[in-house]
Amino acid sequence: MKYGATVNHVFEVHDAAYYVRDTLYVRSGTSIEFLGNAAIFFDPTTSRDLFSPNYEEMADAFAVKTGWNAQTIVGVRFKGGVFVGNVTKTSTVHANRCFNGANAYKWVLDNVLVERFAIGCHLYPLDTSPWTGTRRGNFYENELRNCAFHECLLGFWNQANVTQCTNLTVGGGYIVRGAGAANIADYYVRNEGGGLSVNGFNDAHAGAAVKPAKAVVYDTCAGSFWGGGYTEYFNCFFELNPVHRWGGFAFKSNVTYKETEDCYIKFTEGYFAKYDYAAKTWTETDNPTEGHNQLLMSSAFDFGRNPQLIDDFFEFLPQYDFKYGMYGVRMNGNTVNKKLVYDVKRFESTWTGFTSRNGIRLWNKGNESAELAFPIKNKQLDAYVCILYREIAPFDPRNFKLNVLEYNGTNRRITVGDDIVDYGNGWKLATVRNLNELVNTGNFIITLPVGARIEIEHIGAYANGFPIAPVYMQDEPKVDSRNAFSLNANYSGGKFAVGDFMYPVNTTNSSHVALHEQNIDFSLCVQEGTLKPPSDMVQYSQLATAAAVATAAPNIVNLATGSVAQSFASVGHVVDAFFGGNLKGTRIYAKVTAADTITVYHENPTSAAVEVSAATLTLIVYTSGNEMA
């Protein structure tokens, strides 16, 4: 019979158990139906496939007919049957593939159960070049119907195009992952073909202790679709490594049981660029010629629904990217003993981030936990608050929270964070879903335990699910109380550039500074830069007299003790000024105007003269380590 022909060879295997030690060859048109409970135990003494084309016959066929189709195995069908290999926990030589679909075209596997093979089913373009000179043969349009693969090192490996799967079951157990197992399943399914469609699937391994080592599915995103499945117990569900610029990936309608730190998606390490903080160098992407960069082509990816940023979810900003530091953020509780240090990335001389040049690093250096609150004005039901973050020290995503004491004063509707996406470069996306139907205001909470160190680039709320890549919107800080939503003394500002304004805060306006330092009524940034931690600061306070401030150019502040002269002050040092009283809409700031001389300015931007009562004026001078942006 010629290879590529459609001559049918139909076999029935009756209800019995069969012991097989060598390969059973299939040819175009082979159709085998296993009746009843017919089963094969495959026990080879070398690494062999159970069902496979005969490569020698394919080479012989090429000597007669050199056409492309002569190297294609067409129309093979298997129906029913149980196939058990001889893979054990420690075997090194064992059954290789149950179904070797080399150059398979329009194969159908229907209602088969495969266990204990190295690979359950492999569909792929066979390299025929040893006898044909160049690779030849089709590998398209194969079907798997109601197939199950258990206890295999790899259940299903698809490298063919336009493969269709319905009701696909893949799973592991105690042989390929359990205690004492040397044979470990990294994935249950590996897809490198174009146009794979999986409708109905079940990830059915035997529990959390035996989940696959890397991910349930490895997928190169060449137009693959997964829908209507059930999944449980995984480190990562999908490991994605998009290798084609115009490929795509879609995931729909799944029921999932996951632990908090399990991720639906992990991108293969090296797909996105990564900054090495120790070496202070960038590691570029593995394949930049294919157009890889820091941003995923999100138009080619569809995960669940169609997420859209809710730009009025938070009170003061469409989303938090920390361009203006801790602007619009409140620290809950007594802040006296809190020692939360933050560093605003906007002023980095070398970009170290992922999707944005903004962002913030947080470090709880105190001896008690700190809680940050992000005020919400439009808490839509079923909204997902998404956080793009990198843990510098171990951090539990359950520290991201919604609805804390916001359901009739109870936590009955509290929801906590889940990791969703791991980008393979240290960054993750976590989500917190809103399930509170009673109130549409409140706070998004981040709890920072003692020693916690994280970096955040984005916090945004989304309708209709969550994105694979975050969405950013431009925003400006609110600059005076005539705005519809002005901040009050409970909310913090942050690090601004020259000319930036911020409203009353409970922190300083520069990076690396503890949130509880002082209260500020107004802050005007007069010099920008990145400053080193508070150990490089000198701080002192004096009493400022009451004064009438006209609506004119900035006034020089008169201090009760006379001029401010300190031996540590040099031109170029940055000074922060904090006034303990009510400035009533006026502003105070300070500069080192000459060696050992600090000049404090008091400015009234309002439309009328203002009487300001006496209070303590505190100046903080940064004496070293200024790295001006």
# chains A, B, ... in the order shown; residues from 1 in each chain; ligands from 1
>>> select_by_dssp(residues="stretch 94-274 of chain A", states="strand (DSSP E or B)", output="PyMOL selection string")
chain A and resi 97-102+104-105+108-110+113-115+119-124+140+143-145+148-150+154-158+161+164-171+189-191+197-203+217-219+222-232+236-240+248-257+263-267+274
>>> residues_around(residues="stretch 236-252 of chain A", least_positions_apart="3", cutoff="8 Å", atoms="only C-alpha atoms", output="PyMOL selection string")
chain A and resi 214-228+262-268+271+290-292+300-305
>>> write_last_selection(atoms="N, CA, C and O atoms", output="compact mmCIF listing (two decimals), in the first residue's frame")
# COMPACT_ATOMS: atom_id res chain seq x y z
N LYS A 214 5.55 22.73 36.71
CA LYS A 214 5.61 24.08 36.14
C LYS A 214 4.23 24.65 35.86
O LYS A 214 3.90 25.73 36.35
N ALA A 215 3.43 24.00 35.05
CA ALA A 215 2.10 24.50 34.71
C ALA A 215 1.27 23.35 34.16
O ALA A 215 1.82 22.32 33.74
N VAL A 216 -0.02 23.52 34.15
CA VAL A 216 -0.89 22.51 33.55
C VAL A 216 -0.68 22.49 32.04
O VAL A 216 -0.56 21.44 31.42
N VAL A 217 -0.62 23.69 31.44
CA VAL A 217 -0.52 23.81 29.98
C VAL A 217 0.62 24.75 29.62
O VAL A 217 0.74 25.84 30.20
N TYR A 218 1.44 24.33 28.66
CA TYR A 218 2.42 25.20 28.02
C TYR A 218 1.88 25.54 26.63
O TYR A 218 1.50 24.64 25.88
N ASP A 219 1.82 26.83 26.29
CA ASP A 219 1.18 27.24 25.04
C ASP A 219 1.98 28.37 24.40
O ASP A 219 2.33 29.36 25.07
N THR A 220 2.27 28.24 23.11
CA THR A 220 3.00 29.28 22.38
C THR A 220 2.08 30.30 21.73
O THR A 220 2.53 31.16 20.99
N CYS A 221 0.78 30.20 21.99
CA CYS A 221 -0.17 31.26 21.63
C CYS A 221 -0.24 31.54 20.14
O CYS A 221 -0.24 32.68 19.69
N ALA A 222 -0.30 30.47 19.36
CA ALA A 222 -0.43 30.63 17.91
C ALA A 222 -1.88 30.44 17.50
O ALA A 222 -2.22 29.57 16.70
N GLY A 223 -2.77 31.22 18.11
CA GLY A 223 -4.19 31.13 17.80
C GLY A 223 -4.90 30.04 18.55
O GLY A 223 -5.83 29.41 18.02
N SER A 224 -4.53 29.80 19.80
CA SER A 224 -5.15 28.72 20.59
C SER A 224 -6.36 29.23 21.36
O SER A 224 -6.41 30.38 21.79
N PHE A 225 -7.33 28.33 21.55
CA PHE A 225 -8.56 28.65 22.27
C PHE A 225 -8.83 27.56 23.30
O PHE A 225 -8.78 26.37 22.98
N TRP A 226 -9.13 27.99 24.53
CA TRP A 226 -9.49 27.07 25.61
C TRP A 226 -10.80 27.55 26.21
O TRP A 226 -10.93 28.71 26.61
N GLY A 227 -11.80 26.66 26.30
CA GLY A 227 -13.08 27.08 26.85
C GLY A 227 -13.84 25.94 27.49
O GLY A 227 -13.69 24.78 27.12
N GLY A 228 -14.67 26.28 28.47
CA GLY A 228 -15.57 25.31 29.08
C GLY A 228 -14.89 24.23 29.86
O GLY A 228 -15.15 23.05 29.64
N ASP A 262 -1.53 30.83 43.42
CA ASP A 262 -1.55 30.18 42.11
C ASP A 262 -1.90 31.21 41.05
O ASP A 262 -2.74 32.08 41.28
N CYS A 263 -1.27 31.11 39.89
CA CYS A 263 -1.52 32.06 38.81
C CYS A 263 -2.21 31.38 37.64
O CYS A 263 -1.85 30.27 37.27
N TYR A 264 -3.20 32.06 37.08
CA TYR A 264 -3.79 31.56 35.85
C TYR A 264 -2.75 31.51 34.74
O TYR A 264 -2.69 30.57 33.96
N ILE A 265 -1.95 32.57 34.66
CA ILE A 265 -1.01 32.71 33.56
C ILE A 265 0.38 33.01 34.10
O ILE A 265 0.53 33.85 35.01
N LYS A 266 1.38 32.33 33.55
CA LYS A 266 2.77 32.71 33.77
C LYS A 266 3.45 32.79 32.41
O LYS A 266 3.36 31.86 31.62
N PHE A 267 4.10 33.90 32.16
CA PHE A 267 4.87 34.02 30.93
C PHE A 267 6.25 33.38 31.14
O PHE A 267 6.86 33.52 32.21
N THR A 268 6.69 32.66 30.14
CA THR A 268 7.97 31.99 30.22
C THR A 268 9.06 33.01 30.57
O THR A 268 9.11 34.09 29.99
N TYR A 271 10.60 35.96 28.30
CA TYR A 271 9.71 36.58 27.32
C TYR A 271 9.70 38.10 27.48
O TYR A 271 9.76 38.84 26.51
N GLU A 290 11.45 38.99 16.96
CA GLU A 290 10.02 38.73 16.75
C GLU A 290 9.15 39.86 17.31
O GLU A 290 7.95 39.73 17.39
N GLY A 291 9.79 40.94 17.76
CA GLY A 291 9.01 42.08 18.22
C GLY A 291 8.67 42.05 19.69
O GLY A 291 7.84 42.80 20.14
N HIS A 292 9.30 41.20 20.48
CA HIS A 292 9.04 41.17 21.91
C HIS A 292 9.54 42.47 22.54
O HIS A 292 10.58 42.99 22.17
N ALA A 300 -4.22 40.66 20.89
CA ALA A 300 -4.22 39.27 20.45
C ALA A 300 -4.55 38.32 21.59
O ALA A 300 -4.50 37.11 21.41
N PHE A 301 -4.87 38.86 22.77
CA PHE A 301 -5.12 38.03 23.94
C PHE A 301 -6.50 38.32 24.51
O PHE A 301 -6.89 39.48 24.67
N ASP A 302 -7.20 37.26 24.82
CA ASP A 302 -8.56 37.37 25.35
C ASP A 302 -8.67 36.40 26.52
O ASP A 302 -8.69 35.19 26.33
N PHE A 303 -8.71 36.96 27.72
CA PHE A 303 -8.75 36.11 28.90
C PHE A 303 -10.07 36.34 29.63
O PHE A 303 -10.22 37.30 30.38
N GLY A 304 -11.04 35.50 29.39
CA GLY A 304 -12.30 35.56 30.12
C GLY A 304 -13.29 36.53 29.53
O GLY A 304 -14.17 36.16 28.78
N ARG A 305 -13.13 37.82 29.83
CA ARG A 305 -14.09 38.81 29.36
C ARG A 305 -13.36 39.97 28.70
O ARG A 305 -12.23 39.82 28.25
>>> atom_distance(atom1="atom CA of A:Glu437", atom2="atom CA of A:Thr256")
23.4 Å
>>> closest_residue(among="A:Leu153, A:Ile32, A:Leu317, A:Val255", to="A:Leu109", atoms="only C-alpha atoms")
A:Ile32
>>> atom_distance(atom1="atom CA of A:Gly75", atom2="atom CA of A:Val13")
18.7 Å
>>> closest_residue(among="A:Tyr389, A:Phe313, A:Tyr124, A:Phe395", to="A:Ile456", atoms="only C-alpha atoms")
A:Tyr389
>>> closest_residue(among="A:Cys152, A:Leu309, A:Val10, A:Ala95", to="A:Thr46", atoms="only C-alpha atoms")
A:Ala95
>>> residues_around(residues="A:Arg346", least_positions_apart="4", cutoff="7 Å", atoms="only C-alpha atoms", output="list in words")
Lys323, Arg357, Asn358 and Gly359 of chain A
>>> atom_distance(atom1="atom CA of A:Asp343", atom2="atom CA of A:Lys365")
13.2 Å
>>> residues_around(residues="A:Ala461", least_positions_apart="3", cutoff="12 Å", atoms="only C-alpha atoms", output="number ranges by chain")
A: 307-315, 317-320, 374, 376-388, 402, 430-434, 444, 458, 464-467, 470-472
>>> residues_around(residues="A:Asp576", least_positions_apart="4", cutoff="7 Å", atoms="only C-alpha atoms", output="list in words")
Tyr589, Ala590, Leu619, Ile620 and Val621 of chain A
